[in-house]
Amino acid sequence: MTIMVEKRQLVTPGTLLAEGNYVLGENTFLEDGKIYAARIGLFNSAGRVVSVVGLRGVYVPQVGDEVIGKVVDVGLYSWLMDIAAPYPGVIHASDVFDGSYNPQKDVLSEVFNVGDYVLAEVASFDRTKDPTLTTRGRGFGKISHGHIIEIVPVKLPRLIGKKGSMVNMLKQETGCQILIGQNGRVLVSGRNREDEALAIRAIRKIEAEAHTRGLTDRIRILLEEEKKKGDVDE
Amino acid sequence: MSVTPSESTISSLARKRVEELLGEGKRLDGRELTQCREFEVETDLIGTAEGSAQVKLGKTIVLVGIKAGTGEPFPDTPDQGVLTVNAELVPIASPNFETGPPREGAIELARVVDRSLRESKIVDLEKLCLVPGKAVYVIFVDIYVLNHDGNLIDASVLAALSALMKTKLPKYTAKKDGTVTRKSGHSELKIQNMPISLTTGKIGESLLFDPSLEEEEIMDSRITMTFDSEGNVRAMQKGGHGVFTTEELKTLVSTAGEKTSEIRDRLKELIK
Amino acid sequence: MSKKNEVSFFDGKGLRNDGRRLDELRPIELEVGVLDNASGSALIRQGGNRILVGVFGPREIHPKHLALPNRATLRCRYHMAPFSVEDRKHPAPSRRETEISKVIREALEPVVFTEYYPRTTIDVYIEVLEANGGTRCSGITAASLALADAGVPMRDLVVACASGKVGGKIVLDLNDFEDKYGEADMPVAILPHLDRVLLLQMDGNLTPKEFHEALDLAIEGSKRIYEMQKKALRDSYPIPDEPQEEEVVEVEK
């Protein structure tokens, strides 16, 4: 039993990670008794599980994910949503109208229209059918203010931080509301554009440097310096 | 753009059965792994063509017609005749063939046959020059697949070679300015090499010569090797979404080479 | 136009027309992540070749009937820019490009875990901007980098290199001149850690013994390029120089 690479080492697809009695974690595969990396990312091992923390990749929906979708089509019985995934999301009219939906009377586009952003939860998805979304529940529904940016979804854990430490710091230091969709869409809404711009700059930096160490400290320094500058300007 | 074909969803049952058989060294049609299907050749069956041949390889039927005329040479080879190969997978040959411009399968077929003929220098293109830079013989090799039961490449190379061996070129008189006029009579097209291709399919770990359609539908990959009369390799083409090991390829280059010389001898018997 | 027997491939010292030894690659530069809009991208310069590859996806497939129920569809286009060669190339896809697109797609198929993304497509666009021989190999080398950059799960990087025969000698990585006037050209693509051959084409004239030699040389050359590929990928994720105490990356959502 041997592990071939160091923890947090950057590995490329095809890199031999371990040989022997290990458990396959994320982004790994087994061939001839050897475990290889399937994706570019950082090597990780915990107990007998070896895995690669991916640095790139698309969002694949999972039931229970909170996502920010954009309405791309309004049909007679459903909305078609772009959820920044290889599969479009569907919100059924019955989800919003509680079964009392009457296509002769109710107009779906009056609820969500093409171009609207909607916060929703993935209700079902089994890869044979496109995912259905639900807006039932607190906080779900149309997003009416703020700014939405897209980041590589595999980097979300870094934006969230340990027990939410990173995103909480961002909220605190910028005074912005930050809502993270599991599909890589992030809603930033603050008191003014400057605050939002600062939060977005910090998020972009986290995305670009997600694979590096000491990121929390660098982000804190960035935010503090920018705030000082702001104070002087005033 | 090349797109993953939808036929790649194959019957797992069929595959299982073929793999079981192959494990015992047998094939669906009872052949040995390195046994090719018997082939027949008929020549001179198209009156309007300058040469023609139909090859039956098992149930696969390929007809090749040769049209010869004159035309301008390519600017980069002003003193050489022109040889072009085209393949049509006509809809009568298979429920999977459609009308319309040639798809990638037909284009690959034509180009592999083209390379097999061209690289083995089957004809001396310089002898097909009438007036350098102005007028040369243009030879069209048109491959018509009439029934698809697997291994179109080998059947097509055999048919193209047979047709060219039987081709008679119309005679022309040519003036210096490049104007040509047809005169009576024909001359033989001289063949200087006899390229024979052998396609090997790979299913699991088994390698089998001359795959049938049933085998083609489940095989992972194929490799075509074309050998000249001296036993040298003149063209190769790997196809399919599977892989080969280097050892397999190195072994094949000798076993396939031997097999093609048997096929060449048989063809010589058939076309006299 | 001169004939083959009038062409000389080697100088007095036995070096090739561009100064290389028999088993020497052309200078190669690889760059990953060069296009903003693509999911993944790469640029390769190999001798006089300059090829840009963009990968899009996995994404929704259109037209829908191309969707496969149990895996992602792989679509691949090898295309030469009109200005990439001496005489302008007509922009419509030629038969040569159609065939090359097919063999490249087939070389990439075994490597990508397409089964992870049923009913989607992964599109690979290979644009040859400048061509000087061996563009399908350079294209494959760059395409697999672009796939990796897109975060597409794959078994290994695919790497390709041609070998062949010129002036009676087996040589590596033929340039356009050697390809045109030499005796044989053999593009090979492999799965490096398993030594599996994914693409093999050949035209020209080789004895079986020369084929063995040429195959070994192409694989050996490919493995050298493989090292460059891995470096290019790592270089596209620069680590800032202040290494600090370990932070745990949370994997769970």
# chains A, B, ... in the order shown; residues from 1 in each chain; ligands from 1

call {"tool": "residues_around", "arguments": {"residues": "Gly47 of chain C", "least_positions_apart": "3", "cutoff": "7 Å", "atoms": "only C-alpha atoms", "output": "ChimeraX atom specification"}}
result
/C:26-28

call {"tool": "write_last_selection", "arguments": {"atoms": "C-alpha atoms", "output": "short mmCIF file (atom, residue, chain, number, x, y, z; two decimals), in the first residue's frame"}}
result
data_model
loop_
_atom_site.label_atom_id
_atom_site.label_comp_id
_atom_site.auth_asym_id
_atom_site.auth_seq_id
_atom_site.Cartn_x
_atom_site.Cartn_y
_atom_site.Cartn_z
CA ARG C 26 10.48 20.31 -33.06
CA PRO C 27 10.42 23.03 -30.39
CA ILE C 28 7.09 22.84 -28.59
#

call {"tool": "interface_residues", "arguments": {"of": "chain B", "to": "chain C", "cutoff": "8 Å", "atoms": "only C-alpha atoms", "output": "PyMOL selection string"}}
result
chain B and resi 1-4+6+76-77+104+107-108+111+115-116+119-120+231-246+250+253-254

call {"tool": "interface_residues", "arguments": {"of": "chain A", "to": "chain C", "cutoff": "6 Å", "atoms": "only C-alpha atoms", "output": "list in words"}}
result
Pro13, Gly14, Ala38, Arg39, Arg56, Gly57, Pro86, Tyr87, Pro157, Thr212, Arg213 and Gly214 of chain A

call {"tool": "residues_around", "arguments": {"residues": "Phe9 of chain C", "least_positions_apart": "6", "cutoff": "9 Å", "atoms": "only C-alpha atoms", "output": "PyMOL selection string"}}
result
chain C and resi 15-17+166-167+177-178+181-182

call {"tool": "write_last_selection", "arguments": {"atoms": "all heavy atoms", "output": "short mmCIF file (atom, residue, chain, number, x, y, z; two decimals), in the first residue's frame"}}
result
data_model
loop_
_atom_site.label_atom_id
_atom_site.label_comp_id
_atom_site.auth_asym_id
_atom_site.auth_seq_id
_atom_site.Cartn_x
_atom_site.Cartn_y
_atom_site.Cartn_z
N LEU C 15 22.34 16.17 -40.06
CA LEU C 15 21.19 16.81 -39.42
C LEU C 15 20.08 17.05 -40.45
O LEU C 15 20.35 17.14 -41.65
CB LEU C 15 21.60 18.14 -38.78
CG LEU C 15 22.59 18.03 -37.62
CD1 LEU C 15 22.98 19.41 -37.13
CD2 LEU C 15 22.02 17.19 -36.47
N ARG C 16 18.88 17.18 -39.96
CA ARG C 16 17.73 17.34 -40.85
C ARG C 16 17.62 18.77 -41.38
O ARG C 16 18.33 19.66 -40.92
CB ARG C 16 16.46 16.94 -40.09
CG ARG C 16 16.43 15.45 -39.82
CD ARG C 16 15.62 15.11 -38.58
NE ARG C 16 14.18 15.25 -38.83
CZ ARG C 16 13.27 14.95 -37.90
NH1 ARG C 16 13.64 14.51 -36.71
NH2 ARG C 16 12.00 15.10 -38.17
N ASN C 17 16.74 19.01 -42.32
CA ASN C 17 16.72 20.32 -43.00
C ASN C 17 16.41 21.48 -42.06
O ASN C 17 16.69 22.62 -42.36
CB ASN C 17 15.75 20.29 -44.19
CG ASN C 17 14.29 20.27 -43.76
OD1 ASN C 17 13.97 19.78 -42.67
ND2 ASN C 17 13.42 20.82 -44.58
N VAL C 166 12.50 9.25 -43.81
CA VAL C 166 12.95 10.19 -44.85
C VAL C 166 14.41 9.87 -45.18
O VAL C 166 15.19 9.55 -44.29
CB VAL C 166 12.82 11.67 -44.41
CG1 VAL C 166 11.38 12.03 -44.09
CG2 VAL C 166 13.71 12.01 -43.26
N GLY C 167 14.73 9.95 -46.45
CA GLY C 167 16.11 9.69 -46.88
C GLY C 167 16.65 8.38 -46.34
O GLY C 167 17.82 8.27 -46.00
N PHE C 177 7.91 19.51 -45.06
CA PHE C 177 8.80 19.11 -46.15
C PHE C 177 9.08 17.60 -46.10
O PHE C 177 9.00 16.89 -47.10
CB PHE C 177 10.11 19.92 -46.04
CG PHE C 177 11.18 19.51 -47.01
CD1 PHE C 177 11.15 19.97 -48.32
CD2 PHE C 177 12.21 18.67 -46.61
CE1 PHE C 177 12.14 19.59 -49.22
CE2 PHE C 177 13.21 18.29 -47.51
CZ PHE C 177 13.17 18.75 -48.81
N GLU C 178 9.39 17.13 -44.89
CA GLU C 178 9.70 15.70 -44.74
C GLU C 178 8.47 14.84 -45.01
O GLU C 178 8.56 13.76 -45.58
CB GLU C 178 10.23 15.44 -43.32
CG GLU C 178 11.58 16.09 -43.07
CD GLU C 178 12.00 16.03 -41.62
OE1 GLU C 178 11.14 16.13 -40.72
OE2 GLU C 178 13.22 15.89 -41.36
N TYR C 181 7.91 14.92 -48.99
CA TYR C 181 8.89 14.30 -49.88
C TYR C 181 9.52 13.04 -49.30
O TYR C 181 10.28 12.37 -49.97
CB TYR C 181 9.97 15.32 -50.25
CG TYR C 181 9.37 16.52 -50.93
CD1 TYR C 181 9.27 17.75 -50.28
CD2 TYR C 181 8.85 16.39 -52.22
CE1 TYR C 181 8.66 18.83 -50.90
CE2 TYR C 181 8.25 17.47 -52.84
CZ TYR C 181 8.16 18.69 -52.18
OH TYR C 181 7.57 19.75 -52.79
N GLY C 182 9.23 12.74 -48.03
CA GLY C 182 9.83 11.56 -47.42
C GLY C 182 9.16 10.28 -47.88
O GLY C 182 8.18 10.31 -48.63
#

call {"tool": "residues_around", "arguments": {"residues": "Ile178 of chain A", "least_positions_apart": "4", "cutoff": "10 Å", "atoms": "only C-alpha atoms", "output": "list in words"}}
result
Gly146, His147, Ile148, Val167, Asn168, Leu170, Lys171, Thr174, Val186, Leu187, Val188, Ser189, Gly190, Glu196, Ala199 and Ile200 of chain A

call {"tool": "write_last_selection", "arguments": {"atoms": "N, CA, C and O atoms", "output": "PDB file, in the first residue's frame"}}
result
ATOM      1  N   GLY A 146     -29.828  43.078  -6.897  1.00  0.00           N
ATOM      2  CA  GLY A 146     -28.481  42.560  -6.687  1.00  0.00           C
ATOM      3  C   GLY A 146     -27.806  42.240  -8.009  1.00  0.00           C
ATOM      4  O   GLY A 146     -28.328  42.535  -9.085  1.00  0.00           O
ATOM      5  N   HIS A 147     -26.658  41.640  -7.885  1.00  0.00           N
ATOM      6  CA  HIS A 147     -25.827  41.367  -9.051  1.00  0.00           C
ATOM      7  C   HIS A 147     -25.468  39.894  -9.037  1.00  0.00           C
ATOM      8  O   HIS A 147     -25.102  39.354  -7.994  1.00  0.00           O
ATOM      9  N   ILE A 148     -25.591  39.231 -10.212  1.00  0.00           N
ATOM     10  CA  ILE A 148     -25.287  37.797 -10.246  1.00  0.00           C
ATOM     11  C   ILE A 148     -24.021  37.550 -11.040  1.00  0.00           C
ATOM     12  O   ILE A 148     -23.860  38.065 -12.155  1.00  0.00           O
ATOM     13  N   VAL A 167     -17.257  33.029   3.441  1.00  0.00           N
ATOM     14  CA  VAL A 167     -18.372  33.840   2.968  1.00  0.00           C
ATOM     15  C   VAL A 167     -18.883  34.755   4.088  1.00  0.00           C
ATOM     16  O   VAL A 167     -19.267  35.909   3.843  1.00  0.00           O
ATOM     17  N   ASN A 168     -18.813  34.277   5.329  1.00  0.00           N
ATOM     18  CA  ASN A 168     -19.230  35.129   6.437  1.00  0.00           C
ATOM     19  C   ASN A 168     -18.328  36.345   6.573  1.00  0.00           C
ATOM     20  O   ASN A 168     -18.794  37.461   6.843  1.00  0.00           O
ATOM     21  N   LEU A 170     -16.697  37.720   4.132  1.00  0.00           N
ATOM     22  CA  LEU A 170     -17.036  38.605   3.020  1.00  0.00           C
ATOM     23  C   LEU A 170     -18.272  39.451   3.345  1.00  0.00           C
ATOM     24  O   LEU A 170     -18.301  40.653   3.096  1.00  0.00           O
ATOM     25  N   LYS A 171     -19.285  38.794   3.892  1.00  0.00           N
ATOM     26  CA  LYS A 171     -20.522  39.508   4.217  1.00  0.00           C
ATOM     27  C   LYS A 171     -20.253  40.602   5.236  1.00  0.00           C
ATOM     28  O   LYS A 171     -20.712  41.741   5.093  1.00  0.00           O
ATOM     29  N   THR A 174     -17.944  43.508   3.772  1.00  0.00           N
ATOM     30  CA  THR A 174     -18.475  44.337   2.684  1.00  0.00           C
ATOM     31  C   THR A 174     -19.902  44.808   2.958  1.00  0.00           C
ATOM     32  O   THR A 174     -20.399  45.680   2.256  1.00  0.00           O
ATOM     33  N   VAL A 186     -23.711  33.234  -8.105  1.00  0.00           N
ATOM     34  CA  VAL A 186     -23.649  33.870  -6.797  1.00  0.00           C
ATOM     35  C   VAL A 186     -24.341  35.226  -6.880  1.00  0.00           C
ATOM     36  O   VAL A 186     -24.047  36.026  -7.773  1.00  0.00           O
ATOM     37  N   LEU A 187     -25.278  35.439  -5.963  1.00  0.00           N
ATOM     38  CA  LEU A 187     -25.985  36.727  -5.918  1.00  0.00           C
ATOM     39  C   LEU A 187     -25.331  37.613  -4.864  1.00  0.00           C
ATOM     40  O   LEU A 187     -25.187  37.219  -3.704  1.00  0.00           O
ATOM     41  N   VAL A 188     -24.917  38.792  -5.305  1.00  0.00           N
ATOM     42  CA  VAL A 188     -24.318  39.752  -4.391  1.00  0.00           C
ATOM     43  C   VAL A 188     -25.221  40.976  -4.365  1.00  0.00           C
ATOM     44  O   VAL A 188     -25.463  41.592  -5.408  1.00  0.00           O
ATOM     45  N   SER A 189     -25.748  41.329  -3.189  1.00  0.00           N
ATOM     46  CA  SER A 189     -26.524  42.562  -3.144  1.00  0.00           C
ATOM     47  C   SER A 189     -26.125  43.373  -1.911  1.00  0.00           C
ATOM     48  O   SER A 189     -26.134  42.880  -0.789  1.00  0.00           O
ATOM     49  N   GLY A 190     -25.735  44.606  -2.173  1.00  0.00           N
ATOM     50  CA  GLY A 190     -25.263  45.464  -1.087  1.00  0.00           C
ATOM     51  C   GLY A 190     -25.991  46.787  -1.081  1.00  0.00           C
ATOM     52  O   GLY A 190     -26.897  47.019  -1.876  1.00  0.00           O
ATOM     53  N   GLU A 196     -20.749  46.209  -3.586  1.00  0.00           N
ATOM     54  CA  GLU A 196     -20.917  45.011  -4.422  1.00  0.00           C
ATOM     55  C   GLU A 196     -19.660  44.750  -5.238  1.00  0.00           C
ATOM     56  O   GLU A 196     -19.203  43.605  -5.353  1.00  0.00           O
ATOM     57  N   ALA A 199     -17.016  43.161  -3.081  1.00  0.00           N
ATOM     58  CA  ALA A 199     -17.323  41.754  -2.794  1.00  0.00           C
ATOM     59  C   ALA A 199     -17.039  40.889  -4.025  1.00  0.00           C
ATOM     60  O   ALA A 199     -16.464  39.800  -3.917  1.00  0.00           O
ATOM     61  N   ILE A 200     -17.406  41.410  -5.207  1.00  0.00           N
ATOM     62  CA  ILE A 200     -17.190  40.638  -6.433  1.00  0.00           C
ATOM     63  C   ILE A 200     -15.702  40.478  -6.710  1.00  0.00           C
ATOM     64  O   ILE A 200     -15.241  39.400  -7.095  1.00  0.00           O
TER      65      ILE A 200
END

call {"tool": "decode", "arguments": {"residues": "segment 54-97 of chain A", "atoms": "N, CA and C atoms", "output": "PDB file, in the first residue's frame"}}
result
ATOM      1  N   GLY A  54     -11.396  18.754  -7.376  1.00  0.00           N
ATOM      2  CA  GLY A  54     -11.349  19.282  -8.731  1.00  0.00           C
ATOM      3  C   GLY A  54     -11.192  20.796  -8.762  1.00  0.00           C
ATOM      4  N   LEU A  55     -10.505  21.283  -9.789  1.00  0.00           N
ATOM      5  CA  LEU A  55     -10.341  22.734  -9.930  1.00  0.00           C
ATOM      6  C   LEU A  55     -11.190  23.280 -11.071  1.00  0.00           C
ATOM      7  N   ARG A  56     -11.641  22.400 -11.945  1.00  0.00           N
ATOM      8  CA  ARG A  56     -12.491  22.821 -13.051  1.00  0.00           C
ATOM      9  C   ARG A  56     -13.594  21.796 -13.211  1.00  0.00           C
ATOM     10  N   GLY A  57     -14.616  22.160 -13.915  1.00  0.00           N
ATOM     11  CA  GLY A  57     -15.672  21.193 -14.197  1.00  0.00           C
ATOM     12  C   GLY A  57     -17.031  21.839 -14.142  1.00  0.00           C
ATOM     13  N   VAL A  58     -17.994  21.184 -14.806  1.00  0.00           N
ATOM     14  CA  VAL A  58     -19.337  21.750 -14.862  1.00  0.00           C
ATOM     15  C   VAL A  58     -20.137  21.342 -13.637  1.00  0.00           C
ATOM     16  N   TYR A  59     -21.233  22.050 -13.425  1.00  0.00           N
ATOM     17  CA  TYR A  59     -22.160  21.719 -12.340  1.00  0.00           C
ATOM     18  C   TYR A  59     -23.069  20.593 -12.799  1.00  0.00           C
ATOM     19  N   VAL A  60     -23.171  19.555 -11.993  1.00  0.00           N
ATOM     20  CA  VAL A  60     -24.137  18.489 -12.247  1.00  0.00           C
ATOM     21  C   VAL A  60     -25.162  18.526 -11.115  1.00  0.00           C
ATOM     22  N   PRO A  61     -26.441  18.714 -11.459  1.00  0.00           N
ATOM     23  CA  PRO A  61     -27.459  18.900 -10.423  1.00  0.00           C
ATOM     24  C   PRO A  61     -27.571  17.702  -9.485  1.00  0.00           C
ATOM     25  N   GLN A  62     -27.879  17.993  -8.226  1.00  0.00           N
ATOM     26  CA  GLN A  62     -28.192  16.946  -7.257  1.00  0.00           C
ATOM     27  C   GLN A  62     -29.428  17.380  -6.498  1.00  0.00           C
ATOM     28  N   VAL A  63     -30.263  16.407  -6.185  1.00  0.00           N
ATOM     29  CA  VAL A  63     -31.501  16.722  -5.470  1.00  0.00           C
ATOM     30  C   VAL A  63     -31.146  17.419  -4.155  1.00  0.00           C
ATOM     31  N   GLY A  64     -31.846  18.521  -3.880  1.00  0.00           N
ATOM     32  CA  GLY A  64     -31.594  19.262  -2.651  1.00  0.00           C
ATOM     33  C   GLY A  64     -30.692  20.474  -2.845  1.00  0.00           C
ATOM     34  N   ASP A  65     -30.018  20.554  -4.008  1.00  0.00           N
ATOM     35  CA  ASP A  65     -29.167  21.721  -4.268  1.00  0.00           C
ATOM     36  C   ASP A  65     -30.017  22.975  -4.414  1.00  0.00           C
ATOM     37  N   GLU A  66     -29.520  24.069  -3.843  1.00  0.00           N
ATOM     38  CA  GLU A  66     -30.138  25.367  -4.124  1.00  0.00           C
ATOM     39  C   GLU A  66     -29.415  25.971  -5.320  1.00  0.00           C
ATOM     40  N   VAL A  67     -30.181  26.312  -6.343  1.00  0.00           N
ATOM     41  CA  VAL A  67     -29.557  26.851  -7.545  1.00  0.00           C
ATOM     42  C   VAL A  67     -30.216  28.166  -7.949  1.00  0.00           C
ATOM     43  N   ILE A  68     -29.452  28.970  -8.672  1.00  0.00           N
ATOM     44  CA  ILE A  68     -30.017  30.181  -9.252  1.00  0.00           C
ATOM     45  C   ILE A  68     -30.195  29.928 -10.736  1.00  0.00           C
ATOM     46  N   GLY A  69     -31.427  29.923 -11.190  1.00  0.00           N
ATOM     47  CA  GLY A  69     -31.707  29.642 -12.581  1.00  0.00           C
ATOM     48  C   GLY A  69     -32.193  30.876 -13.305  1.00  0.00           C
ATOM     49  N   LYS A  70     -32.044  30.845 -14.632  1.00  0.00           N
ATOM     50  CA  LYS A  70     -32.541  31.953 -15.440  1.00  0.00           C
ATOM     51  C   LYS A  70     -33.626  31.410 -16.361  1.00  0.00           C
ATOM     52  N   VAL A  71     -34.753  32.087 -16.420  1.00  0.00           N
ATOM     53  CA  VAL A  71     -35.851  31.617 -17.268  1.00  0.00           C
ATOM     54  C   VAL A  71     -35.466  31.832 -18.732  1.00  0.00           C
ATOM     55  N   VAL A  72     -35.495  30.744 -19.527  1.00  0.00           N
ATOM     56  CA  VAL A  72     -35.178  30.889 -20.951  1.00  0.00           C
ATOM     57  C   VAL A  72     -36.397  30.644 -21.831  1.00  0.00           C
ATOM     58  N   ASP A  73     -37.424  30.004 -21.283  1.00  0.00           N
ATOM     59  CA  ASP A  73     -38.626  29.783 -22.085  1.00  0.00           C
ATOM     60  C   ASP A  73     -39.819  29.613 -21.143  1.00  0.00           C
ATOM     61  N   VAL A  74     -40.946  30.145 -21.570  1.00  0.00           N
ATOM     62  CA  VAL A  74     -42.163  29.980 -20.788  1.00  0.00           C
ATOM     63  C   VAL A  74     -43.154  29.207 -21.640  1.00  0.00           C
ATOM     64  N   GLY A  75     -43.547  28.039 -21.161  1.00  0.00           N
ATOM     65  CA  GLY A  75     -44.486  27.221 -21.913  1.00  0.00           C
ATOM     66  C   GLY A  75     -45.875  27.357 -21.324  1.00  0.00           C
ATOM     67  N   LEU A  76     -46.744  26.451 -21.744  1.00  0.00           N
ATOM     68  CA  LEU A  76     -48.105  26.504 -21.241  1.00  0.00           C
ATOM     69  C   LEU A  76     -48.191  25.913 -19.837  1.00  0.00           C
ATOM     70  N   TYR A  77     -47.329  24.949 -19.563  1.00  0.00           N
ATOM     71  CA  TYR A  77     -47.416  24.247 -18.281  1.00  0.00           C
ATOM     72  C   TYR A  77     -46.128  24.316 -17.464  1.00  0.00           C
ATOM     73  N   SER A  78     -45.089  24.942 -17.996  1.00  0.00           N
ATOM     74  CA  SER A  78     -43.822  24.953 -17.256  1.00  0.00           C
ATOM     75  C   SER A  78     -42.896  26.069 -17.740  1.00  0.00           C
ATOM     76  N   TRP A  79     -41.908  26.318 -16.890  1.00  0.00           N
ATOM     77  CA  TRP A  79     -40.834  27.236 -17.277  1.00  0.00           C
ATOM     78  C   TRP A  79     -39.589  26.405 -17.561  1.00  0.00           C
ATOM     79  N   LEU A  80     -38.840  26.812 -18.562  1.00  0.00           N
ATOM     80  CA  LEU A  80     -37.568  26.155 -18.841  1.00  0.00           C
ATOM     81  C   LEU A  80     -36.463  27.058 -18.299  1.00  0.00           C
ATOM     82  N   MET A  81     -35.574  26.464 -17.501  1.00  0.00           N
ATOM     83  CA  MET A  81     -34.576  27.264 -16.799  1.00  0.00           C
ATOM     84  C   MET A  81     -33.161  26.900 -17.240  1.00  0.00           C
ATOM     85  N   ASP A  82     -32.366  27.933 -17.489  1.00  0.00           N
ATOM     86  CA  ASP A  82     -30.929  27.713 -17.658  1.00  0.00           C
ATOM     87  C   ASP A  82     -30.337  27.700 -16.258  1.00  0.00           C
ATOM     88  N   ILE A  83     -29.767  26.556 -15.869  1.00  0.00           N
ATOM     89  CA  ILE A  83     -29.200  26.477 -14.520  1.00  0.00           C
ATOM     90  C   ILE A  83     -27.682  26.278 -14.566  1.00  0.00           C
ATOM     91  N   ALA A  84     -27.046  26.752 -15.648  1.00  0.00           N
ATOM     92  CA  ALA A  84     -25.586  26.666 -15.793  1.00  0.00           C
ATOM     93  C   ALA A  84     -25.100  25.234 -15.615  1.00  0.00           C
ATOM     94  N   ALA A  85     -25.845  24.314 -16.209  1.00  0.00           N
ATOM     95  CA  ALA A  85     -25.519  22.891 -16.129  1.00  0.00           C
ATOM     96  C   ALA A  85     -25.704  22.292 -17.510  1.00  0.00           C
ATOM     97  N   PRO A  86     -25.232  21.062 -17.732  1.00  0.00           N
ATOM     98  CA  PRO A  86     -25.465  20.452 -19.041  1.00  0.00           C
ATOM     99  C   PRO A  86     -26.931  20.091 -19.279  1.00  0.00           C
ATOM    100  N   TYR A  87     -27.752  20.216 -18.254  1.00  0.00           N
ATOM    101  CA  TYR A  87     -29.170  19.885 -18.377  1.00  0.00           C
ATOM    102  C   TYR A  87     -30.019  21.102 -18.014  1.00  0.00           C
ATOM    103  N   PRO A  88     -31.076  21.387 -18.780  1.00  0.00           N
ATOM    104  CA  PRO A  88     -31.939  22.513 -18.410  1.00  0.00           C
ATOM    105  C   PRO A  88     -32.839  22.113 -17.234  1.00  0.00           C
ATOM    106  N   GLY A  89     -33.209  23.076 -16.413  1.00  0.00           N
ATOM    107  CA  GLY A  89     -34.128  22.802 -15.316  1.00  0.00           C
ATOM    108  C   GLY A  89     -35.552  23.118 -15.736  1.00  0.00           C
ATOM    109  N   VAL A  90     -36.507  22.455 -15.085  1.00  0.00           N
ATOM    110  CA  VAL A  90     -37.919  22.676 -15.399  1.00  0.00           C
ATOM    111  C   VAL A  90     -38.661  23.012 -14.109  1.00  0.00           C
ATOM    112  N   ILE A  91     -39.431  24.100 -14.134  1.00  0.00           N
ATOM    113  CA  ILE A  91     -40.347  24.362 -13.024  1.00  0.00           C
ATOM    114  C   ILE A  91     -41.752  24.154 -13.563  1.00  0.00           C
ATOM    115  N   HIS A  92     -42.487  23.218 -12.967  1.00  0.00           N
ATOM    116  CA  HIS A  92     -43.851  22.962 -13.424  1.00  0.00           C
ATOM    117  C   HIS A  92     -44.794  24.003 -12.847  1.00  0.00           C
ATOM    118  N   ALA A  93     -45.813  24.346 -13.633  1.00  0.00           N
ATOM    119  CA  ALA A  93     -46.775  25.348 -13.185  1.00  0.00           C
ATOM    120  C   ALA A  93     -47.429  24.925 -11.872  1.00  0.00           C
ATOM    121  N   SER A  94     -47.640  23.604 -11.752  1.00  0.00           N
ATOM    122  CA  SER A  94     -48.301  23.103 -10.533  1.00  0.00           C
ATOM    123  C   SER A  94     -47.481  23.410  -9.289  1.00  0.00           C
ATOM    124  N   ASP A  95     -46.181  23.573  -9.473  1.00  0.00           N
ATOM    125  CA  ASP A  95     -45.320  23.860  -8.324  1.00  0.00           C
ATOM    126  C   ASP A  95     -45.642  25.225  -7.738  1.00  0.00           C
ATOM    127  N   VAL A  96     -46.011  26.165  -8.611  1.00  0.00           N
ATOM    128  CA  VAL A  96     -46.280  27.532  -8.169  1.00  0.00           C
ATOM    129  C   VAL A  96     -47.761  27.716  -7.843  1.00  0.00           C
ATOM    130  N   PHE A  97     -48.624  27.088  -8.646  1.00  0.00           N
ATOM    131  CA  PHE A  97     -50.066  27.320  -8.493  1.00  0.00           C
ATOM    132  C   PHE A  97     -50.774  26.301  -7.612  1.00  0.00           C
TER     133      PHE A  97
END
